[in-house]
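Chemist: Dropping in coords_34.cif, which is mmCIF, C-alpha atoms:
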data_query
loop_
_atom_site.group_PDB
_atom_site.id
_atom_site.type_symbol
_atom_site.label_atom_id
_atom_site.label_comp_id
_atom_site.auth_asym_id
_atom_site.auth_seq_id
_atom_site.Cartn_x
_atom_site.Cartn_y
_atom_site.Cartn_z
ATOM 1 C CA MET U 1 0.000 0.000 0.000
ATOM 2 C CA GLN U 2 1.186 3.506 -0.803
ATOM 3 C CA LEU U 3 -0.415 6.163 1.368
ATOM 4 C CA ASP U 4 -0.658 9.856 0.717
ATOM 5 C CA ILE U 5 -0.818 10.605 4.457
ATOM 6 C CA LEU U 6 0.065 8.633 7.590
ATOM 7 C CA SER U 7 -0.824 9.939 11.051
ATOM 8 C CA ILE U 8 1.329 8.368 13.767
ATOM 9 C CA SER U 9 0.080 8.701 17.344
ATOM 10 C CA ALA U 10 0.755 7.207 20.745
ATOM 11 C CA HIS U 11 -2.794 6.104 21.572
ATOM 12 C CA ARG U 12 -6.080 5.271 19.931
ATOM 13 C CA ASP U 13 -8.106 8.510 19.810
ATOM 14 C CA ASP U 14 -5.066 10.843 19.675
ATOM 15 C CA THR U 15 -5.372 11.444 15.941
ATOM 16 C CA GLU U 16 -9.121 12.020 16.205
ATOM 17 C CA LEU U 17 -8.591 14.652 18.894
ATOM 18 C CA VAL U 18 -5.635 16.613 17.517
ATOM 19 C CA CYS U 19 -6.127 16.420 13.754
ATOM 20 C CA GLY U 20 -9.269 14.406 13.054
ATOM 21 C CA GLY U 21 -10.823 17.220 11.041
ATOM 22 C CA THR U 22 -7.775 17.447 8.792
ATOM 23 C CA VAL U 23 -7.723 13.670 8.279
ATOM 24 C CA ILE U 24 -11.387 13.732 7.292
ATOM 25 C CA LYS U 25 -10.825 16.684 4.958
ATOM 26 C CA MET U 26 -7.968 14.900 3.206
ATOM 27 C CA VAL U 27 -10.063 11.727 2.818
ATOM 28 C CA GLU U 28 -12.855 13.812 1.310
ATOM 29 C CA ALA U 29 -10.301 15.349 -1.079
ATOM 30 C CA GLY U 30 -9.522 11.871 -2.402
ATOM 31 C CA TYR U 31 -6.261 11.167 -0.604
ATOM 32 C CA LYS U 32 -5.436 7.747 0.815
ATOM 33 C CA VAL U 33 -4.955 8.261 4.571
ATOM 34 C CA GLY U 34 -3.779 5.748 7.170
ATOM 35 C CA LEU U 35 -3.324 5.776 10.949
ATOM 36 C CA LEU U 36 -0.617 4.087 13.000
ATOM 37 C CA ASP U 37 -1.290 3.883 16.748
ATOM 38 C CA LEU U 38 1.800 2.876 18.695
ATOM 39 C CA SER U 39 0.097 1.433 21.798
ATOM 40 C CA GLY U 40 -3.179 -0.196 22.744
ATOM 41 C CA GLY U 41 -3.987 2.212 25.570
ATOM 42 C CA GLU U 42 -3.928 -0.593 28.131
ATOM 43 C CA ALA U 43 -2.484 1.659 30.873
ATOM 44 C CA GLY U 44 -5.168 4.320 30.502
ATOM 45 C CA THR U 45 -7.307 5.269 33.479
ATOM 46 C CA ARG U 46 -10.499 4.480 31.598
ATOM 47 C CA GLY U 47 -11.504 1.671 29.299
ATOM 48 C CA SER U 48 -9.350 -1.270 28.225
ATOM 49 C CA ALA U 49 -7.201 -2.107 25.219
ATOM 50 C CA THR U 50 -9.940 -4.356 23.831
ATOM 51 C CA ARG U 51 -12.665 -1.771 24.230
ATOM 52 C CA ARG U 52 -10.518 0.990 22.755
ATOM 53 C CA GLU U 53 -9.716 -1.238 19.790
ATOM 54 C CA ASN U 54 -13.421 -1.587 19.083
ATOM 55 C CA GLU U 55 -13.915 2.155 19.531
ATOM 56 C CA ALA U 56 -11.026 2.877 17.151
ATOM 57 C CA ARG U 57 -12.580 0.618 14.536
ATOM 58 C CA LYS U 58 -15.827 2.609 14.710
ATOM 59 C CA ALA U 59 -14.011 5.933 14.556
ATOM 60 C CA SER U 60 -12.024 4.756 11.528
ATOM 61 C CA ARG U 61 -15.240 4.004 9.671
ATOM 62 C CA VAL U 62 -16.541 7.488 10.478
ATOM 63 C CA MET U 63 -13.378 9.120 9.122
ATOM 64 C CA GLY U 64 -13.251 6.879 6.048
ATOM 65 C CA ILE U 65 -9.528 6.121 6.269
ATOM 66 C CA ALA U 66 -7.811 3.488 4.127
ATOM 67 C CA CYS U 67 -6.110 1.568 6.948
ATOM 68 C CA ARG U 68 -5.329 1.602 10.649
ATOM 69 C CA GLU U 69 -2.680 -0.448 12.424
ATOM 70 C CA ASN U 70 -1.319 -0.783 15.944
ATOM 71 C CA LEU U 71 2.329 -1.524 16.762
ATOM 72 C CA GLY U 72 1.572 -2.913 20.221
ATOM 73 C CA LEU U 73 4.206 -0.841 22.038
ATOM 74 C CA PRO U 74 3.674 -0.568 25.824
ATOM 75 C CA ASP U 75 1.281 2.187 26.843
ATOM 76 C CA ALA U 76 2.785 4.829 29.175
ATOM 77 C CA ALA U 77 6.233 3.462 28.284
ATOM 78 C CA ILE U 78 6.933 4.729 24.774
ATOM 79 C CA GLU U 79 10.626 5.515 25.077
ATOM 80 C CA PRO U 80 13.221 6.747 22.543
ATOM 81 C CA TRP U 81 14.655 3.269 22.037
ATOM 82 C CA ARG U 82 16.144 2.127 18.740
ATOM 83 C CA GLU U 83 13.957 -0.969 18.731
ATOM 84 C CA TYR U 84 10.834 1.194 18.637
ATOM 85 C CA LYS U 85 12.252 3.494 15.966
ATOM 86 C CA LEU U 86 13.014 0.529 13.724
ATOM 87 C CA LYS U 87 9.491 -0.868 14.139
ATOM 88 C CA ILE U 88 8.028 2.449 13.025
ATOM 89 C CA ALA U 89 10.575 2.718 10.205
ATOM 90 C CA ALA U 90 9.545 -0.717 8.917
ATOM 91 C CA LYS U 91 5.911 0.446 8.767
ATOM 92 C CA ILE U 92 6.923 3.596 6.926
ATOM 93 C CA ARG U 93 8.676 1.458 4.322
ATOM 94 C CA GLU U 94 5.600 -0.731 4.031
ATOM 95 C CA LEU U 95 3.013 2.058 3.835
ATOM 96 C CA ARG U 96 5.235 4.568 1.960
ATOM 97 C CA PRO U 97 3.425 7.790 2.936
ATOM 98 C CA ARG U 98 4.230 11.070 1.215
ATOM 99 C CA THR U 99 3.208 13.092 4.296
ATOM 100 C CA VAL U 100 3.512 12.043 7.930
ATOM 101 C CA ILE U 101 1.637 13.709 10.794
ATOM 102 C CA LEU U 102 3.318 13.455 14.218
ATOM 103 C CA PRO U 103 2.504 14.769 17.692
ATOM 104 C CA TYR U 104 4.349 17.953 18.635
ATOM 105 C CA TRP U 105 7.736 17.235 20.220
ATOM 106 C CA GLU U 106 6.850 18.835 23.592
ATOM 107 C CA GLY U 107 3.831 18.333 25.841
ATOM 108 C CA ARG U 108 2.321 16.982 29.044
ATOM 109 C CA HIS U 109 2.237 13.271 28.243
ATOM 110 C CA PRO U 110 5.638 11.580 27.693
ATOM 111 C CA ASP U 111 4.094 9.108 25.230
ATOM 112 C CA HIS U 112 2.987 11.987 23.027
ATOM 113 C CA TYR U 113 6.235 13.927 22.793
ATOM 114 C CA ASN U 114 8.291 10.743 22.573
ATOM 115 C CA THR U 115 6.135 9.631 19.646
ATOM 116 C CA GLY U 116 6.907 12.920 17.911
ATOM 117 C CA ARG U 117 10.618 12.460 18.467
ATOM 118 C CA ILE U 118 11.001 8.794 17.564
ATOM 119 C CA GLY U 119 8.546 9.203 14.701
ATOM 120 C CA TYR U 120 10.824 11.777 13.101
ATOM 121 C CA GLU U 121 13.885 9.577 13.574
ATOM 122 C CA ALA U 122 11.995 6.589 12.167
ATOM 123 C CA CYS U 123 11.193 8.606 9.030
ATOM 124 C CA PHE U 124 14.912 9.254 8.623
ATOM 125 C CA LEU U 125 15.937 5.656 9.301
ATOM 126 C CA ALA U 126 13.389 4.316 6.828
ATOM 127 C CA GLY U 127 15.309 6.003 4.038
ATOM 128 C CA LEU U 128 18.677 4.398 4.789
ATOM 129 C CA ALA U 129 19.352 1.863 2.048
ATOM 130 C CA LYS U 130 21.803 -0.221 4.088
ATOM 131 C CA LEU U 131 19.616 -0.473 7.174
ATOM 132 C CA PRO U 132 18.654 -4.140 7.756
ATOM 133 C CA LEU U 133 14.889 -3.672 7.384
ATOM 134 C CA GLU U 134 12.410 -5.356 5.088
ATOM 135 C CA GLY U 135 11.179 -3.354 2.154
ATOM 136 C CA SER U 136 12.836 -0.788 -0.061
ATOM 137 C CA PRO U 137 14.022 2.506 1.441
ATOM 138 C CA HIS U 138 11.437 5.260 1.705
ATOM 139 C CA ARG U 139 11.545 8.664 3.319
ATOM 140 C CA PRO U 140 8.409 10.857 3.508
ATOM 141 C CA HIS U 141 8.474 14.105 1.571
ATOM 142 C CA LYS U 142 6.833 16.082 4.376
ATOM 143 C CA ILE U 143 6.602 15.777 8.169
ATOM 144 C CA ILE U 144 4.129 18.006 10.005
ATOM 145 C CA TYR U 145 3.369 18.226 13.715
ATOM 146 C CA ALA U 146 -0.134 18.496 15.185
ATOM 147 C CA SER U 147 0.001 21.112 17.964
ATOM 148 C CA LEU U 148 -3.640 21.561 18.986
ATOM 149 C CA TYR U 149 -3.189 20.818 22.702
ATOM 150 C CA VAL U 150 0.260 22.390 23.163
ATOM 151 C CA PRO U 151 -0.241 25.851 24.720
ATOM 152 C CA GLY U 152 1.843 28.771 23.574
ATOM 153 C CA VAL U 153 2.978 27.248 20.273
ATOM 154 C CA ARG U 154 2.392 29.488 17.266
ATOM 155 C CA PRO U 155 1.284 27.337 14.326
ATOM 156 C CA THR U 156 3.071 27.384 11.006
ATOM 157 C CA PHE U 157 -0.270 26.888 9.292
ATOM 158 C CA VAL U 158 -3.905 26.114 10.146
ATOM 159 C CA VAL U 159 -6.266 23.848 8.203
ATOM 160 C CA ASP U 160 -9.862 25.041 7.817
ATOM 161 C CA ILE U 161 -12.050 22.221 9.186
ATOM 162 C CA THR U 162 -15.329 24.127 9.320
ATOM 163 C CA ARG U 163 -17.141 21.589 7.136
ATOM 164 C CA GLN U 164 -15.492 18.636 8.904
ATOM 165 C CA LEU U 165 -16.086 19.590 12.555
ATOM 166 C CA GLU U 166 -19.293 17.613 12.996
ATOM 167 C CA LYS U 167 -17.769 14.445 11.589
ATOM 168 C CA LYS U 168 -14.675 14.969 13.772
ATOM 169 C CA LEU U 169 -16.932 15.145 16.827
ATOM 170 C CA LYS U 170 -18.723 11.999 15.714
ATOM 171 C CA ALA U 171 -15.381 10.166 15.436
ATOM 172 C CA ILE U 172 -14.262 11.343 18.877
ATOM 173 C CA LEU U 173 -17.550 10.303 20.442
ATOM 174 C CA CYS U 174 -16.912 6.726 19.281
ATOM 175 C CA TYR U 175 -14.542 6.547 22.286
ATOM 176 C CA SER U 176 -17.314 6.358 24.848
ATOM 177 C CA SER U 177 -14.980 4.842 27.458
ATOM 178 C CA GLN U 178 -13.062 8.121 27.666
ATOM 179 C CA PHE U 179 -15.911 10.390 28.751
ATOM 180 C CA SER U 180 -17.224 11.141 32.213
ATOM 181 C CA PRO U 181 -20.842 10.925 33.319
ATOM 182 C CA ARG U 182 -22.615 14.272 33.170
ATOM 183 C CA GLU U 183 -22.385 14.735 36.957
ATOM 184 C CA ASP U 184 -18.674 13.895 37.080
ATOM 185 C CA VAL U 185 -17.015 16.408 34.780
ATOM 186 C CA GLN U 186 -13.225 16.219 34.999
ATOM 187 C CA ASN U 187 -10.461 18.023 33.165
ATOM 188 C CA LEU U 188 -8.990 14.992 31.399
ATOM 189 C CA PHE U 189 -12.277 13.139 30.927
ATOM 190 C CA PRO U 190 -14.965 15.621 29.842
ATOM 191 C CA SER U 191 -18.597 14.699 29.699
ATOM 192 C CA ARG U 192 -20.182 14.142 26.296
ATOM 193 C CA ALA U 193 -22.114 17.377 26.813
ATOM 194 C CA ASP U 194 -18.925 19.313 27.534
ATOM 195 C CA LEU U 195 -16.915 17.772 24.696
ATOM 196 C CA ARG U 196 -18.573 19.758 21.916
ATOM 197 C CA GLU U 197 -17.822 23.038 23.697
ATOM 198 C CA ARG U 198 -14.187 22.108 24.348
ATOM 199 C CA VAL U 199 -13.455 20.870 20.855
ATOM 200 C CA GLY U 200 -15.401 23.701 19.273
ATOM 201 C CA SER U 201 -13.713 26.402 21.373
ATOM 202 C CA LEU U 202 -10.223 25.246 20.464
ATOM 203 C CA ALA U 203 -11.108 24.856 16.804
ATOM 204 C CA ARG U 204 -12.743 28.294 16.830
ATOM 205 C CA HIS U 205 -9.586 29.866 18.307
ATOM 206 C CA PHE U 206 -7.363 28.514 15.542
ATOM 207 C CA GLY U 207 -9.968 29.077 12.848
ATOM 208 C CA LEU U 208 -10.009 32.790 13.659
ATOM 209 C CA MET U 209 -6.282 32.942 12.900
ATOM 210 C CA ILE U 210 -7.012 32.241 9.236
ATOM 211 C CA GLY U 211 -10.407 33.879 8.916
ATOM 212 C CA ALA U 212 -12.291 30.573 9.112
ATOM 213 C CA ARG U 213 -14.821 29.376 11.644
ATOM 214 C CA TYR U 214 -12.930 26.251 12.786
ATOM 215 C CA GLY U 215 -9.347 25.153 12.296
ATOM 216 C CA GLU U 216 -6.599 22.741 13.356
ATOM 217 C CA PRO U 217 -3.007 23.970 13.847
ATOM 218 C CA PHE U 218 0.235 22.407 12.624
ATOM 219 C CA VAL U 219 3.932 23.163 12.897
ATOM 220 C CA THR U 220 6.748 22.456 10.457
ATOM 221 C CA ARG U 221 10.453 22.678 11.225
ATOM 222 C CA GLU U 222 11.303 23.933 7.748
ATOM 223 C CA VAL U 223 10.354 27.177 6.014
ATOM 224 C CA ALA U 224 7.567 27.084 3.421
ATOM 225 C CA ALA U 225 8.167 28.244 -0.160
ATOM 226 C CA VAL U 226 5.821 30.801 -1.750
ATOM 227 C CA ASP U 227 5.734 31.463 -5.493
ATOM 228 C CA ASP U 228 3.020 34.124 -5.625
ATOM 229 C CA ILE U 229 3.003 36.827 -2.926
ATOM 230 C CA VAL U 230 0.002 38.550 -4.492
ATOM 231 C CA ASN U 231 -2.438 35.678 -3.971
ATOM 232 C CA MET U 232 -1.306 34.482 -0.553
ATOM 233 C CA PRO U 233 -4.305 33.517 1.628
ATOM 234 C CA VAL U 234 -5.228 35.160 4.990
ATOM 235 C CA ARG U 235 -5.431 38.942 5.215
ATOM 236 C CA SER U 236 -2.734 40.858 7.102
ATOM 237 C CA ILE U 237 -5.004 43.735 8.209
#
Write the structure described by the file as structure tokens, please.
Modeler:
Amino acid sequence: MQLDILSISAHRDDTELVCGGTVIKMVEAGYKVGLLDLSGGEAGTRGSATRRENEARKASRVMGIACRENLGLPDAAIEPWREYKLKIAAKIRELRPRTVILPYWEGRHPDHYNTGRIGYEACFLAGLAKLPLEGSPHRPHKIIYASLYVPGVRPTFVVDITRQLEKKLKAILCYSSQFSPREDVQNLFPSRADLRERVGSLARHFGLMIGARYGEPFVTREVAAVDDIVNMPVRSI
């Protein structure tokens, strides 16, 4: 399989939360999109690996993605070990994505920022011809970092997900194990009623940056090239 886009995340539901609208938008545009979850979420406070697998399957159908795989790395123990990098690199060779989406390289959860770091290194290793891995060498053309839940980070660009927000919410709500009862609203486990407001507020914040209603932010390490400075989108004043 040759993917246009591969989103690599630490846990089932991470992609849906941080860039689910963008994934859906790219699927609707005709691109072949895949997801690679590194762990089963077995160490999570709520739910179980089996239940989250079933929830992920439902969410994948909502988003319309081409494939979704799980590497089975230990939840809450994703470390920058070479063994893990090579496992991801082997998948990159197999799936051959042109663009890879990674979690931002800083954050609250070690699994998240470690996934961003080892994911980048795996993309590099996958292109080494003499590395003893199955498959022919492949290195993605573009690596972008989803930064939705990282405070204080100025995005390089924002994707307009106004038309995709409702479907993003539907995909997130497939993970019923991760939400609190209405009378037990907590910061990390919002109620279903509170989820729409939280997701919508964040998306609204980033959408306003580009003159859209809802958006999802991303960061790139490299500078973007512009050919036409007359028709650049987003007004300056």
Chemist: To one decimal in Å, tell me the separation between atom CA of Val199 of chain U and atom CA of Trp105 of chain U.
Modeler: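 Taking atom CA of Val199 of chain U as the start and atom CA of Trp105 of chain U as the end point, the length is 21.5 Å.
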Chemist: As a check of understanding, name the residues that the PyMOL selection byres ((chain U and resi 17) around 9) selects in the supplied structure, as a ChimeraX atom specification.
Modeler: /U:13-16,18-21,148,168-169,171-172,199
Chemist: Create the file for the chosen residues now, containing C-alpha atoms and written as a compact mmCIF listing (two decimals), in the frame of the given file.
Modeler:
# COMPACT_ATOMS: atom_id res chain seq x y z
CA ASP U 13 -8.11 8.51 19.81
CA ASP U 14 -5.07 10.84 19.68
CA THR U 15 -5.37 11.44 15.94
CA GLU U 16 -9.12 12.02 16.20
CA VAL U 18 -5.64 16.61 17.52
CA CYS U 19 -6.13 16.42 13.75
CA GLY U 20 -9.27 14.41 13.05
CA GLY U 21 -10.82 17.22 11.04
CA LEU U 148 -3.64 21.56 18.99
CA LYS U 168 -14.68 14.97 13.77
CA LEU U 169 -16.93 15.14 16.83
CA ALA U 171 -15.38 10.17 15.44
CA ILE U 172 -14.26 11.34 18.88
CA VAL U 199 -13.46 20.87 20.86
Chemist: Rounded to one decimal in Å, what is the spacing between atom CA of Gly215 of chain U and atom CA of Arg235 of chain U?
Modeler: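 Taking atom CA of Gly215 of chain U and atom CA of Arg235 of chain U, their separation equals 16.0 Å.
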Chemist: So, counting all atoms listed in the file, which residue among U:Arg139, U:Lys58, U:Arg198, U:Arg108 is closest to Arg93 of chain U?
Modeler: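 Of all the options, U:Arg139 lies closest to Arg93 of chain U.
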Chemist: Pick from U:Leu195, U:Ala49, U:Leu3, U:Ala212: nearest to Gly72 of chain U, with all atoms listed in the file counted?
Modeler: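 Smallest separation from Gly72 of chain U among the options: U:Ala49.
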Chemist: How far is it from atom CA of Met1 of chain U to atom CA of Asp75 of chain U, in Å with one decimal?
Modeler: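 Going from atom CA of Met1 of chain U over to atom CA of Asp75 of chain U, I get 27.0 Å.
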Chemist: If I only have part of segment 112-126 of chain U, can you fill in N, CA and C atoms and write it as an mmCIF file, in the frame of the given file?
Modeler:
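Output below, filename selection_12.cif:
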data_model
loop_
_atom_site.group_PDB
_atom_site.id
_atom_site.type_symbol
_atom_site.label_atom_id
_atom_site.label_comp_id
_atom_site.auth_asym_id
_atom_site.auth_seq_id
_atom_site.Cartn_x
_atom_site.Cartn_y
_atom_site.Cartn_z
ATOM 1 N N HIS U 112 3.263 11.131 24.167
ATOM 2 C CA HIS U 112 2.987 11.987 23.027
ATOM 3 C C HIS U 112 4.264 12.600 22.470
ATOM 4 N N TYR U 113 5.043 13.272 23.343
ATOM 5 C CA TYR U 113 6.235 13.927 22.793
ATOM 6 C C TYR U 113 7.298 12.927 22.382
ATOM 7 N N ASN U 114 7.346 11.768 23.030
ATOM 8 C CA ASN U 114 8.291 10.743 22.573
ATOM 9 C C ASN U 114 7.893 10.184 21.204
ATOM 10 N N THR U 115 6.591 10.075 20.966
ATOM 11 C CA THR U 115 6.135 9.631 19.646
ATOM 12 C C THR U 115 6.559 10.618 18.569
ATOM 13 N N GLY U 116 6.455 11.916 18.869
ATOM 14 C CA GLY U 116 6.907 12.920 17.911
ATOM 15 C C GLY U 116 8.390 12.806 17.610
ATOM 16 N N ARG U 117 9.166 12.525 18.641
ATOM 17 C CA ARG U 117 10.618 12.460 18.467
ATOM 18 C C ARG U 117 11.047 11.190 17.755
ATOM 19 N N ILE U 118 10.564 10.039 18.208
ATOM 20 C CA ILE U 118 11.001 8.794 17.564
ATOM 21 C C ILE U 118 10.348 8.624 16.196
ATOM 22 N N GLY U 119 9.178 9.245 16.008
ATOM 23 C CA GLY U 119 8.546 9.203 14.701
ATOM 24 C C GLY U 119 9.393 9.909 13.655
ATOM 25 N N TYR U 120 9.944 11.054 14.019
ATOM 26 C CA TYR U 120 10.824 11.777 13.101
ATOM 27 C C TYR U 120 12.056 10.949 12.773
ATOM 28 N N GLU U 121 12.680 10.366 13.799
ATOM 29 C CA GLU U 121 13.885 9.577 13.574
ATOM 30 C C GLU U 121 13.580 8.322 12.756
ATOM 31 N N ALA U 122 12.391 7.752 12.960
ATOM 32 C CA ALA U 122 11.995 6.589 12.167
ATOM 33 C C ALA U 122 11.840 6.957 10.695
ATOM 34 N N CYS U 123 11.314 8.151 10.423
ATOM 35 C CA CYS U 123 11.193 8.606 9.030
ATOM 36 C C CYS U 123 12.571 8.713 8.384
ATOM 37 N N PHE U 124 13.551 9.157 9.153
ATOM 38 C CA PHE U 124 14.912 9.254 8.623
ATOM 39 C C PHE U 124 15.497 7.867 8.391
ATOM 40 N N LEU U 125 15.357 6.998 9.407
ATOM 41 C CA LEU U 125 15.937 5.656 9.301
ATOM 42 C C LEU U 125 15.329 4.859 8.157
ATOM 43 N N ALA U 126 14.064 5.073 7.887
ATOM 44 C CA ALA U 126 13.389 4.316 6.828
ATOM 45 C C ALA U 126 13.995 4.570 5.452
#
